[in-house]
Amino acid sequence: MTSPSLDKADAADTLTGGPRRSRVRGGRRGHGGRRGRAGRGGVPLPLLLSALVGAAFLALPLLALLIRAPWRSMPDLLTSAEVWQALQLSLVCATAATAVSLVIGVPLAWLLARVEFPGRGLVRALVTLPLVLPPVVGGVALLMALGRNGVVGRWLDDWFGLTLPFTTAGVVVAEAFVAMPFLVISVEGALRAADPRYEEAASTLGASRFTAFRRVTLPLIAPGIAAGAVLAWARALGEFGATITFAGNFPGRTQTMPLAVYLALQSDPEAAIALSLVLLAVSVAVLAGLRDRWMTAS
């Protein structure tokens with residue numbers, strides 16, 4: 001015999017359909033979960049093959065560079081006078097170009113991120129233009145602007161006796177021209193992500209806008225500034241087109257590592273490979289330094 005309580009429960013289930021709905025819902029959830037796992041785990045074969053081809057296309061030239069590197073003669077090649085001059089000049093000019101980018105690029109990024117003014121979109125487009133502009137065209141534009149007969153260069157020569165083309169200072173200018181957009185974009189993104197209420201609070205406490213920028217904003221966006229500076233430095237270190245067009249290729253004065261690679265490839269391929277490996281090592285170091293920031297952002 002069944003108990004009256006069980007009979008009442010069965011009757012209630014029969015009237016409401018509770019267990020049946022629970023079983024149906026549970027079954028649907030289970031079926032959906034299996035479908036989701038299968039969808040996430042399965043990789044379509046065409047996409048997998050295309051991805052592998054893309055990875056091989058990017059990795060194969062770098063692997064070939066490592067395979068063909070003259071490892072035994074590498075110390076002699078890297079310590080030769082010509083290579084050392086190019087390496088030293090590249091490091092000095094890239095650092096100077098990064099410093100110039102910091103001095104004028106951070107205020108420009110703040111202006112684009114914090115101030116509403118007519119033509120801001122146009123200014124932002126001009127800032128990002130060197131990213132897509134062919135470097136040789138950038139070098140020609142620099143010659144037209146800062147050359148001895150340029151729009152501004154003639155006045156620099158007449159008033160101050162300052163000549164930038166085909167000088168070490170010209171290398172710094174060319175590298176800063178192509179590298180500063182990386183810094184501006186990075187700093188502007190950090191400024192847009194920072195809460196402006198901290199600056200407003202500092203202003204209500206009597207701080208001027210510049211003091212709020214210096215004491216509040218800069219510490220908040222310091223990681224973005226550091227990331228942009230590293231990217232700008234790496235871009236300046238590898239600059240070729242604008243440098244050779246605006247500053248020339250004079251050993252010990254304007255011949256940076258990319259120019260030395262191009263010149264050595266015609267007469268001493270092993271030295272070209274050695275210099276290329278140095279640039280590759282710098283690029284890997286930059287990626288390793290920014291890896292934590294990218295992983296945090298993602």
# chains A, B, ... in the order shown; residues from 1 in each chain; ligands from 1
>>> select_by_dssp(residues="region 80-157 of chain A", states="helix (DSSP H, G or I)", output="PyMOL selection string")
chain A and resi 81-114+120-132+135-146+153-157
>>> residues_around(residues="region 198-211 of chain A", least_positions_apart="5", cutoff="12 Å", atoms="only C-alpha atoms", output="ChimeraX atom specification")
/A:107,110,114-115,191,216-220
>>> closest_atom_pairs(of="region 49-108 of chain A", to="region 172-179 of chain A", cutoff="10 Å", atoms="only C-alpha atoms", output="tab-separated table")
residue	atom	partner	partner_atom	distance
A:Ser90	CA	A:Val172	CA	9.5
A:Val92	CA	A:Val172	CA	8.9
A:Cys93	CA	A:Val172	CA	5.3
A:Ala94	CA	A:Glu175	CA	6.9
A:Thr95	CA	A:Val172	CA	8.7
A:Ala96	CA	A:Val172	CA	6.4
A:Ala97	CA	A:Ala176	CA	4.6
A:Thr98	CA	A:Ala176	CA	6.6
A:Ala99	CA	A:Ala176	CA	8.8
A:Val100	CA	A:Ala176	CA	6.8
A:Ser101	CA	A:Ala176	CA	6.1
A:Leu102	CA	A:Ala176	CA	9.8
A:Gly105	CA	A:Ala176	CA	9.8
>>> write_last_selection(atoms="N, CA and C atoms", output="PDB file, in the first residue's frame")
ATOM      1  N   SER A  90      72.789  54.361 -33.430  1.00  0.00           N
ATOM      2  CA  SER A  90      71.374  53.989 -33.404  1.00  0.00           C
ATOM      3  C   SER A  90      70.799  54.111 -32.002  1.00  0.00           C
ATOM      4  N   VAL A  92      71.894  55.972 -29.490  1.00  0.00           N
ATOM      5  CA  VAL A  92      71.850  57.377 -29.060  1.00  0.00           C
ATOM      6  C   VAL A  92      70.714  58.115 -29.754  1.00  0.00           C
ATOM      7  N   CYS A  93      70.596  57.945 -31.060  1.00  0.00           N
ATOM      8  CA  CYS A  93      69.561  58.673 -31.809  1.00  0.00           C
ATOM      9  C   CYS A  93      68.161  58.193 -31.442  1.00  0.00           C
ATOM     10  N   ALA A  94      67.992  56.890 -31.256  1.00  0.00           N
ATOM     11  CA  ALA A  94      66.674  56.385 -30.876  1.00  0.00           C
ATOM     12  C   ALA A  94      66.274  56.904 -29.499  1.00  0.00           C
ATOM     13  N   THR A  95      67.217  56.959 -28.580  1.00  0.00           N
ATOM     14  CA  THR A  95      66.915  57.496 -27.251  1.00  0.00           C
ATOM     15  C   THR A  95      66.589  58.986 -27.315  1.00  0.00           C
ATOM     16  N   ALA A  96      67.349  59.737 -28.104  1.00  0.00           N
ATOM     17  CA  ALA A  96      67.068  61.172 -28.244  1.00  0.00           C
ATOM     18  C   ALA A  96      65.720  61.396 -28.922  1.00  0.00           C
ATOM     19  N   ALA A  97      65.399  60.598 -29.944  1.00  0.00           N
ATOM     20  CA  ALA A  97      64.104  60.746 -30.611  1.00  0.00           C
ATOM     21  C   ALA A  97      62.960  60.414 -29.662  1.00  0.00           C
ATOM     22  N   THR A  98      63.146  59.432 -28.791  1.00  0.00           N
ATOM     23  CA  THR A  98      62.119  59.102 -27.803  1.00  0.00           C
ATOM     24  C   THR A  98      61.946  60.237 -26.805  1.00  0.00           C
ATOM     25  N   ALA A  99      63.055  60.856 -26.393  1.00  0.00           N
ATOM     26  CA  ALA A  99      62.957  61.995 -25.477  1.00  0.00           C
ATOM     27  C   ALA A  99      62.202  63.154 -26.118  1.00  0.00           C
ATOM     28  N   VAL A 100      62.487  63.430 -27.383  1.00  0.00           N
ATOM     29  CA  VAL A 100      61.751  64.486 -28.090  1.00  0.00           C
ATOM     30  C   VAL A 100      60.272  64.137 -28.177  1.00  0.00           C
ATOM     31  N   SER A 101      59.975  62.887 -28.463  1.00  0.00           N
ATOM     32  CA  SER A 101      58.581  62.458 -28.552  1.00  0.00           C
ATOM     33  C   SER A 101      57.869  62.608 -27.217  1.00  0.00           C
ATOM     34  N   LEU A 102      58.566  62.331 -26.113  1.00  0.00           N
ATOM     35  CA  LEU A 102      57.954  62.484 -24.799  1.00  0.00           C
ATOM     36  C   LEU A 102      57.658  63.945 -24.493  1.00  0.00           C
ATOM     37  N   GLY A 105      55.071  64.964 -27.361  1.00  0.00           N
ATOM     38  CA  GLY A 105      53.991  64.020 -27.652  1.00  0.00           C
ATOM     39  C   GLY A 105      53.003  63.851 -26.516  1.00  0.00           C
TER      40      GLY A 105
END
>>> closest_residue(among="A:Ala222, A:Val123, A:Leu112, A:Leu65", to="Leu279 (chain A)", atoms="only C-alpha atoms")
A:Leu65
>>> residues_around(residues="Leu91 (chain A)", least_positions_apart="4", cutoff="12 Å", atoms="only C-alpha atoms", output="list in words")
Trp84, Gln85, Ala86, Leu87, Thr95, Ala96, Ala97, Thr98, Val171, Val172, Glu175, Trp233, Ala234, Arg235, Ala236, Leu237, Gly238, Glu239, Gln255, Thr256, Met257, Pro258, Val278, Leu279 and Val282 of chain A
>>> residues_around(residues="Pro251 (chain A)", least_positions_apart="6", cutoff="10 Å", atoms="only C-alpha atoms", output="PyMOL selection string")
chain A and resi 82-83+85-86+89+259-260
>>> write_last_selection(atoms="N, CA, C and O atoms", output="PDB file, in the first residue's frame")
ATOM      1  N   GLU A  82      82.989  49.521 -37.701  1.00  0.00           N
ATOM      2  CA  GLU A  82      81.844  50.013 -38.459  1.00  0.00           C
ATOM      3  C   GLU A  82      80.525  49.615 -37.783  1.00  0.00           C
ATOM      4  O   GLU A  82      79.613  50.442 -37.637  1.00  0.00           O
ATOM      5  N   VAL A  83      80.454  48.362 -37.378  1.00  0.00           N
ATOM      6  CA  VAL A  83      79.218  47.891 -36.747  1.00  0.00           C
ATOM      7  C   VAL A  83      78.999  48.591 -35.412  1.00  0.00           C
ATOM      8  O   VAL A  83      77.878  48.989 -35.066  1.00  0.00           O
ATOM      9  N   GLN A  85      80.031  51.560 -34.500  1.00  0.00           N
ATOM     10  CA  GLN A  85      79.612  52.937 -34.740  1.00  0.00           C
ATOM     11  C   GLN A  85      78.123  53.012 -35.069  1.00  0.00           C
ATOM     12  O   GLN A  85      77.397  53.860 -34.536  1.00  0.00           O
ATOM     13  N   ALA A  86      77.685  52.115 -35.949  1.00  0.00           N
ATOM     14  CA  ALA A  86      76.273  52.114 -36.318  1.00  0.00           C
ATOM     15  C   ALA A  86      75.389  51.768 -35.131  1.00  0.00           C
ATOM     16  O   ALA A  86      74.328  52.373 -34.923  1.00  0.00           O
ATOM     17  N   LEU A  89      75.426  54.784 -32.640  1.00  0.00           N
ATOM     18  CA  LEU A  89      74.658  55.898 -33.176  1.00  0.00           C
ATOM     19  C   LEU A  89      73.164  55.602 -33.139  1.00  0.00           C
ATOM     20  O   LEU A  89      72.341  56.484 -32.832  1.00  0.00           O
ATOM     21  N   LEU A 259      70.506  51.257 -41.838  1.00  0.00           N
ATOM     22  CA  LEU A 259      71.294  51.665 -42.997  1.00  0.00           C
ATOM     23  C   LEU A 259      72.536  50.814 -43.142  1.00  0.00           C
ATOM     24  O   LEU A 259      72.954  50.484 -44.264  1.00  0.00           O
ATOM     25  N   ALA A 260      73.161  50.460 -42.020  1.00  0.00           N
ATOM     26  CA  ALA A 260      74.340  49.588 -42.078  1.00  0.00           C
ATOM     27  C   ALA A 260      73.974  48.200 -42.582  1.00  0.00           C
ATOM     28  O   ALA A 260      74.760  47.574 -43.303  1.00  0.00           O
TER      29      ALA A 260
END
>>> closest_residue(among="A:Pro135, A:Pro130, A:Gly150, A:Gly241", to="Phe182 (chain A)", atoms="only C-alpha atoms")
A:Pro130
>>> residues_around(residues="region 53-63 of chain A", least_positions_apart="6", cutoff="10 Å", atoms="only C-alpha atoms", output="list in words")
Leu47, Ala69, Ser276, Leu277 and Leu280 of chain A
>>> write_last_selection(atoms="N, CA, C and O atoms", output="PDB file, in the first residue's frame")
ATOM      1  N   LEU A  47      39.984  26.825 -41.450  1.00  0.00           N
ATOM      2  CA  LEU A  47      40.531  27.880 -40.603  1.00  0.00           C
ATOM      3  C   LEU A  47      41.849  27.455 -39.978  1.00  0.00           C
ATOM      4  O   LEU A  47      42.786  28.249 -39.860  1.00  0.00           O
ATOM      5  N   ALA A  69      72.613  32.469 -39.490  1.00  0.00           N
ATOM      6  CA  ALA A  69      73.461  33.411 -38.749  1.00  0.00           C
ATOM      7  C   ALA A  69      74.874  32.851 -38.576  1.00  0.00           C
ATOM      8  O   ALA A  69      75.044  31.664 -38.259  1.00  0.00           O
ATOM      9  N   SER A 276      71.115  42.420 -38.249  1.00  0.00           N
ATOM     10  CA  SER A 276      69.690  42.073 -38.261  1.00  0.00           C
ATOM     11  C   SER A 276      69.308  41.303 -37.006  1.00  0.00           C
ATOM     12  O   SER A 276      68.213  41.504 -36.450  1.00  0.00           O
ATOM     13  N   LEU A 277      70.188  40.441 -36.535  1.00  0.00           N
ATOM     14  CA  LEU A 277      69.906  39.704 -35.303  1.00  0.00           C
ATOM     15  C   LEU A 277      69.861  40.622 -34.099  1.00  0.00           C
ATOM     16  O   LEU A 277      69.078  40.399 -33.170  1.00  0.00           O
ATOM     17  N   LEU A 280      66.528  42.158 -34.241  1.00  0.00           N
ATOM     18  CA  LEU A 280      65.542  41.142 -33.864  1.00  0.00           C
ATOM     19  C   LEU A 280      65.513  40.942 -32.359  1.00  0.00           C
ATOM     20  O   LEU A 280      64.436  40.822 -31.754  1.00  0.00           O
TER      21      LEU A 280
END
>>> atom_distance(atom1="CA of Ala194 (chain A)", atom2="CA of Ile221 (chain A)")
7.1 Å
